[in-house]
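Notes for the one structure printed next.
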Amino acid sequence: MIIALNNKCNFTLEEFIKYQQELNTINDKNTIILCPTSIYLTNFTKGKIKLGAQNVSSNIMGAHTGEVSASQLKSIDVDYCIVGHSERRKEQNETNAEIKEKIMRLLEENITPILCIGETKEEREQNKVNQIINEELKILKDIPNKDNIIIAYEPIWSIGTGLIPTNKEIIEVMNIIKSIYPQNKVLYGGSANEKNIDQLKTIKQIDGYLIGGMSLHPEKLKVFLEKLKN
Ligand code: 13P
């Protein structure tokens, strides 16, 4: 399984260094990917845990103030990168077209994109889940060599709320994704934690998890990973 940890915009440097030491005590067979805030990427000591970024520029290196390019990420040994997270779609107005460009830049550098997709509460209430997932998946349509791209289903209403969809609802979306892209790994993200993992892990279609809030608490993460084994 793939366990991707999205720290989002959290931790001071001092806190991050302490956090990383705790994280490195985790001994687990799963592929664990840490996506810290970008300024801490070079403070990460590579060991068993792999390194991911939370964002990348859609441009190549050059005159783009405040941006970080895929080649720069590669030069500091980043192997994965989250793209299209709903927080960036909302706060930075990222479009599907821009997200596609970011994926292209990452693939040019052999960095594995983790593409986030998912519906809002209103879209679910209006029975538009199928439509939204299909639209967002079109980002990958014309991208060559896409089998290694990781897709993360993150229902927006579930992120940071403590609410998760029913297993039936998750399976429905997983099946849509896998019917179009059967080769790609699909993660679930949205309030996944050490309490609901017993329910989530019964879903056979899930290839891993993208974890936000709980990623900040290594002790909870250890319980989560332990439960995932059994
Ligand atoms: P939470 O686990 O805090 O709901 O966040 C999920 C997420 O957005 C991971 O990218």
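In the structure tokens, each chain is lettered A, B, ... as it comes, each chain's residues begin at 1, and ligands are numbered from 1 in order of appearance.
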
For chain A against ligand 1, with a cut-off of 9 Å and counting only C-alpha atoms and all ligand atoms, what is the closest atom pair and its distance in Å to one decimal for every residue that makes the cut, ordered by chain and number, as JSON lines?
```
{"residue": "A:Ala4", "atom": "CA", "partner": "ligand 1", "partner_atom_place_in_ligand_line": "9 (C)", "distance": 8.2}
{"residue": "A:Leu5", "atom": "CA", "partner": "ligand 1", "partner_atom_place_in_ligand_line": "9 (C)", "distance": 7.2}
{"residue": "A:Asn6", "atom": "CA", "partner": "ligand 1", "partner_atom_place_in_ligand_line": "10 (O)", "distance": 5.2}
{"residue": "A:Asn7", "atom": "CA", "partner": "ligand 1", "partner_atom_place_in_ligand_line": "9 (C)", "distance": 8.1}
{"residue": "A:Lys8", "atom": "CA", "partner": "ligand 1", "partner_atom_place_in_ligand_line": "10 (O)", "distance": 7.6}
{"residue": "A:Gln54", "atom": "CA", "partner": "ligand 1", "partner_atom_place_in_ligand_line": "10 (O)", "distance": 8.8}
{"residue": "A:Ile82", "atom": "CA", "partner": "ligand 1", "partner_atom_place_in_ligand_line": "10 (O)", "distance": 8.1}
{"residue": "A:His85", "atom": "CA", "partner": "ligand 1", "partner_atom_place_in_ligand_line": "10 (O)", "distance": 6.6}
{"residue": "A:Ser86", "atom": "CA", "partner": "ligand 1", "partner_atom_place_in_ligand_line": "8 (O)", "distance": 7.5}
{"residue": "A:Glu87", "atom": "CA", "partner": "ligand 1", "partner_atom_place_in_ligand_line": "8 (O)", "distance": 7.6}
{"residue": "A:Cys116", "atom": "CA", "partner": "ligand 1", "partner_atom_place_in_ligand_line": "10 (O)", "distance": 7.8}
{"residue": "A:Ala152", "atom": "CA", "partner": "ligand 1", "partner_atom_place_in_ligand_line": "10 (O)", "distance": 8.4}
{"residue": "A:Glu154", "atom": "CA", "partner": "ligand 1", "partner_atom_place_in_ligand_line": "8 (O)", "distance": 6.8}
{"residue": "A:Pro155", "atom": "CA", "partner": "ligand 1", "partner_atom_place_in_ligand_line": "8 (O)", "distance": 8.9}
{"residue": "A:Ile156", "atom": "CA", "partner": "ligand 1", "partner_atom_place_in_ligand_line": "8 (O)", "distance": 7.9}
{"residue": "A:Trp157", "atom": "CA", "partner": "ligand 1", "partner_atom_place_in_ligand_line": "4 (O)", "distance": 8.9}
{"residue": "A:Ser158", "atom": "CA", "partner": "ligand 1", "partner_atom_place_in_ligand_line": "4 (O)", "distance": 6.0}
{"residue": "A:Ile159", "atom": "CA", "partner": "ligand 1", "partner_atom_place_in_ligand_line": "4 (O)", "distance": 3.4}
{"residue": "A:Gly160", "atom": "CA", "partner": "ligand 1", "partner_atom_place_in_ligand_line": "4 (O)", "distance": 3.6}
{"residue": "A:Thr161", "atom": "CA", "partner": "ligand 1", "partner_atom_place_in_ligand_line": "4 (O)", "distance": 6.3}
{"residue": "A:Gly162", "atom": "CA", "partner": "ligand 1", "partner_atom_place_in_ligand_line": "4 (O)", "distance": 6.8}
{"residue": "A:Leu163", "atom": "CA", "partner": "ligand 1", "partner_atom_place_in_ligand_line": "4 (O)", "distance": 8.4}
{"residue": "A:Ile164", "atom": "CA", "partner": "ligand 1", "partner_atom_place_in_ligand_line": "4 (O)", "distance": 8.9}
{"residue": "A:Tyr188", "atom": "CA", "partner": "ligand 1", "partner_atom_place_in_ligand_line": "6 (C)", "distance": 8.9}
{"residue": "A:Gly189", "atom": "CA", "partner": "ligand 1", "partner_atom_place_in_ligand_line": "6 (C)", "distance": 5.1}
{"residue": "A:Gly190", "atom": "CA", "partner": "ligand 1", "partner_atom_place_in_ligand_line": "4 (O)", "distance": 3.8}
{"residue": "A:Ser191", "atom": "CA", "partner": "ligand 1", "partner_atom_place_in_ligand_line": "4 (O)", "distance": 3.4}
{"residue": "A:Ala192", "atom": "CA", "partner": "ligand 1", "partner_atom_place_in_ligand_line": "2 (O)", "distance": 5.3}
{"residue": "A:Asn193", "atom": "CA", "partner": "ligand 1", "partner_atom_place_in_ligand_line": "2 (O)", "distance": 7.2}
{"residue": "A:Tyr209", "atom": "CA", "partner": "ligand 1", "partner_atom_place_in_ligand_line": "9 (C)", "distance": 8.5}
{"residue": "A:Leu210", "atom": "CA", "partner": "ligand 1", "partner_atom_place_in_ligand_line": "9 (C)", "distance": 5.0}
{"residue": "A:Ile211", "atom": "CA", "partner": "ligand 1", "partner_atom_place_in_ligand_line": "2 (O)", "distance": 4.3}
{"residue": "A:Gly212", "atom": "CA", "partner": "ligand 1", "partner_atom_place_in_ligand_line": "5 (O)", "distance": 3.4}
{"residue": "A:Gly213", "atom": "CA", "partner": "ligand 1", "partner_atom_place_in_ligand_line": "3 (O)", "distance": 3.6}
{"residue": "A:Met214", "atom": "CA", "partner": "ligand 1", "partner_atom_place_in_ligand_line": "2 (O)", "distance": 6.1}
{"residue": "A:Ser215", "atom": "CA", "partner": "ligand 1", "partner_atom_place_in_ligand_line": "2 (O)", "distance": 7.5}
```

Can I get the selected residues back with C-alpha atoms, as a short mmCIF file (atom, residue, chain, number, x, y, z; two decimals), in the first residue's frame?
```
data_model
loop_
_atom_site.label_atom_id
_atom_site.label_comp_id
_atom_site.auth_asym_id
_atom_site.auth_seq_id
_atom_site.Cartn_x
_atom_site.Cartn_y
_atom_site.Cartn_z
CA ALA A 4 1.18 9.55 1.46
CA LEU A 5 1.47 12.11 4.25
CA ASN A 6 0.41 15.63 3.33
CA ASN A 7 1.69 17.94 6.07
CA LYS A 8 0.09 20.92 4.26
CA GLN A 54 2.91 19.38 -2.28
CA ILE A 82 0.80 16.11 -5.14
CA HIS A 85 -5.28 19.32 -4.36
CA SER A 86 -8.71 20.85 -3.71
CA GLU A 87 -7.18 23.46 -1.39
CA CYS A 116 -6.23 14.65 -6.38
CA ALA A 152 -6.18 10.18 -4.99
CA GLU A 154 -10.46 13.03 -1.90
CA PRO A 155 -14.11 14.05 -1.43
CA ILE A 156 -13.76 17.76 -0.62
CA TRP A 157 -16.47 17.62 2.06
CA SER A 158 -14.50 14.94 3.85
CA ILE A 159 -11.18 16.83 4.08
CA GLY A 160 -10.50 17.94 7.63
CA THR A 161 -14.11 17.43 8.70
CA GLY A 162 -13.98 14.02 10.36
CA LEU A 163 -16.68 12.86 7.94
CA ILE A 164 -16.02 10.02 5.54
CA TYR A 188 -8.45 7.41 -0.62
CA GLY A 189 -8.04 10.74 1.21
CA GLY A 190 -10.30 12.72 3.53
CA SER A 191 -10.32 12.38 7.33
CA ALA A 192 -8.67 8.96 7.17
CA ASN A 193 -7.48 8.18 10.68
CA TYR A 209 -4.27 6.59 1.64
CA LEU A 210 -3.50 10.29 1.37
CA ILE A 211 -3.47 11.59 4.91
CA GLY A 212 -3.64 15.20 6.10
CA GLY A 213 -4.44 15.90 9.76
CA MET A 214 -3.29 12.56 11.13
CA SER A 215 0.05 12.87 9.31
#
```

Considering only C-alpha atoms, state which residue in the set A:Thr120, A:Ser179, A:Asn96, A:Gln21 is at the smallest distance from Gly47 in chain A.
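Answer, going by the shortest atom-to-atom distance: A:Gln21.
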
So that I can see what lies close to Leu115 in chain A, please list as a PyMOL selection string the residues with an atom at most 9 Å from it, counting only C-alpha atoms and leaving out residues fewer than 2 positions away in the same chain.
chain A and resi 81-85+99+103+113+117+149-153

DSSP-assigned alpha helix (DSSP H) among range 2-182 of chain A, expressed as an mmCIF file with C-alpha atoms, in the first residue's frame:
```cif
data_model
loop_
_atom_site.group_PDB
_atom_site.id
_atom_site.type_symbol
_atom_site.label_atom_id
_atom_site.label_comp_id
_atom_site.auth_asym_id
_atom_site.auth_seq_id
_atom_site.Cartn_x
_atom_site.Cartn_y
_atom_site.Cartn_z
ATOM 1 C CA LEU A 13 11.482 24.137 11.343
ATOM 2 C CA GLU A 14 12.184 23.089 14.914
ATOM 3 C CA GLU A 15 8.892 21.197 15.088
ATOM 4 C CA PHE A 16 9.532 19.601 11.712
ATOM 5 C CA ILE A 17 12.949 18.276 12.726
ATOM 6 C CA LYS A 18 11.481 16.706 15.879
ATOM 7 C CA TYR A 19 8.552 15.325 13.872
ATOM 8 C CA GLN A 20 10.849 13.760 11.325
ATOM 9 C CA GLN A 21 12.831 11.999 14.025
ATOM 10 C CA GLU A 22 9.610 10.459 15.361
ATOM 11 C CA LEU A 23 8.477 9.535 11.887
ATOM 12 C CA ALA A 70 9.961 20.066 -11.432
ATOM 13 C CA SER A 71 13.666 20.035 -12.354
ATOM 14 C CA GLN A 72 14.448 21.832 -9.087
ATOM 15 C CA LEU A 73 12.416 19.258 -7.153
ATOM 16 C CA LYS A 74 14.281 16.489 -8.942
ATOM 17 C CA SER A 75 17.625 18.104 -8.079
ATOM 18 C CA SER A 86 -8.711 20.849 -3.707
ATOM 19 C CA GLU A 87 -7.182 23.457 -1.394
ATOM 20 C CA ARG A 88 -5.053 24.734 -4.295
ATOM 21 C CA ARG A 89 -7.925 24.504 -6.773
ATOM 22 C CA LYS A 90 -9.945 26.702 -4.378
ATOM 23 C CA GLU A 91 -7.347 29.087 -2.945
ATOM 24 C CA ASN A 96 -7.676 21.266 -14.789
ATOM 25 C CA ALA A 97 -5.628 22.653 -17.722
ATOM 26 C CA GLU A 98 -2.949 23.993 -15.374
ATOM 27 C CA ILE A 99 -2.937 20.756 -13.378
ATOM 28 C CA LYS A 100 -2.335 18.838 -16.598
ATOM 29 C CA GLU A 101 0.677 21.059 -17.366
ATOM 30 C CA LYS A 102 2.060 20.385 -13.879
ATOM 31 C CA ILE A 103 1.729 16.649 -14.445
ATOM 32 C CA MET A 104 3.594 16.977 -17.760
ATOM 33 C CA ARG A 105 6.457 18.877 -16.063
ATOM 34 C CA LEU A 106 6.691 16.183 -13.366
ATOM 35 C CA LEU A 107 6.718 13.310 -15.847
ATOM 36 C CA GLU A 108 9.490 15.052 -17.824
ATOM 37 C CA LYS A 121 -20.821 18.373 -0.722
ATOM 38 C CA GLU A 122 -23.204 20.199 -3.087
ATOM 39 C CA GLU A 123 -22.059 18.124 -6.060
ATOM 40 C CA ARG A 124 -22.714 14.939 -4.101
ATOM 41 C CA GLU A 125 -26.146 16.166 -3.025
ATOM 42 C CA VAL A 129 -20.263 12.679 -8.394
ATOM 43 C CA ASN A 130 -19.953 10.559 -11.518
ATOM 44 C CA GLN A 131 -19.831 13.645 -13.742
ATOM 45 C CA ILE A 132 -17.208 15.453 -11.623
ATOM 46 C CA ILE A 133 -14.930 12.428 -11.332
ATOM 47 C CA ASN A 134 -15.125 11.824 -15.079
ATOM 48 C CA GLU A 135 -14.389 15.482 -15.838
ATOM 49 C CA GLU A 136 -11.379 15.570 -13.524
ATOM 50 C CA LEU A 137 -10.060 12.296 -14.901
ATOM 51 C CA ASN A 167 -17.866 2.236 1.927
ATOM 52 C CA LYS A 168 -20.473 1.910 -0.821
ATOM 53 C CA GLU A 169 -19.918 5.525 -1.873
ATOM 54 C CA ILE A 170 -16.143 5.089 -1.922
ATOM 55 C CA ILE A 171 -16.372 1.834 -3.880
ATOM 56 C CA GLU A 172 -18.598 3.503 -6.492
ATOM 57 C CA VAL A 173 -15.944 6.165 -7.149
ATOM 58 C CA MET A 174 -13.043 3.702 -7.021
ATOM 59 C CA ASN A 175 -14.830 1.613 -9.636
ATOM 60 C CA ILE A 176 -15.324 4.617 -11.931
ATOM 61 C CA ILE A 177 -11.617 5.468 -11.687
ATOM 62 C CA LYS A 178 -10.445 1.880 -12.159
ATOM 63 C CA SER A 179 -12.786 1.307 -15.103
ATOM 64 C CA ILE A 180 -11.032 4.159 -16.966
#
```

Within 12 Å of Thr12 in chain A, counting only C-alpha atoms, which residues qualify if same-chain residues fewer than 6 places away don't, as a PyMOL selection string?
chain A and resi 18-19+36-37+39-40+43

As number ranges by chain, which residues of range 4-131 of chain A does DSSP assign to strand (DSSP E)?
A: 4-6, 31-35, 50-53, 80-83, 112-117
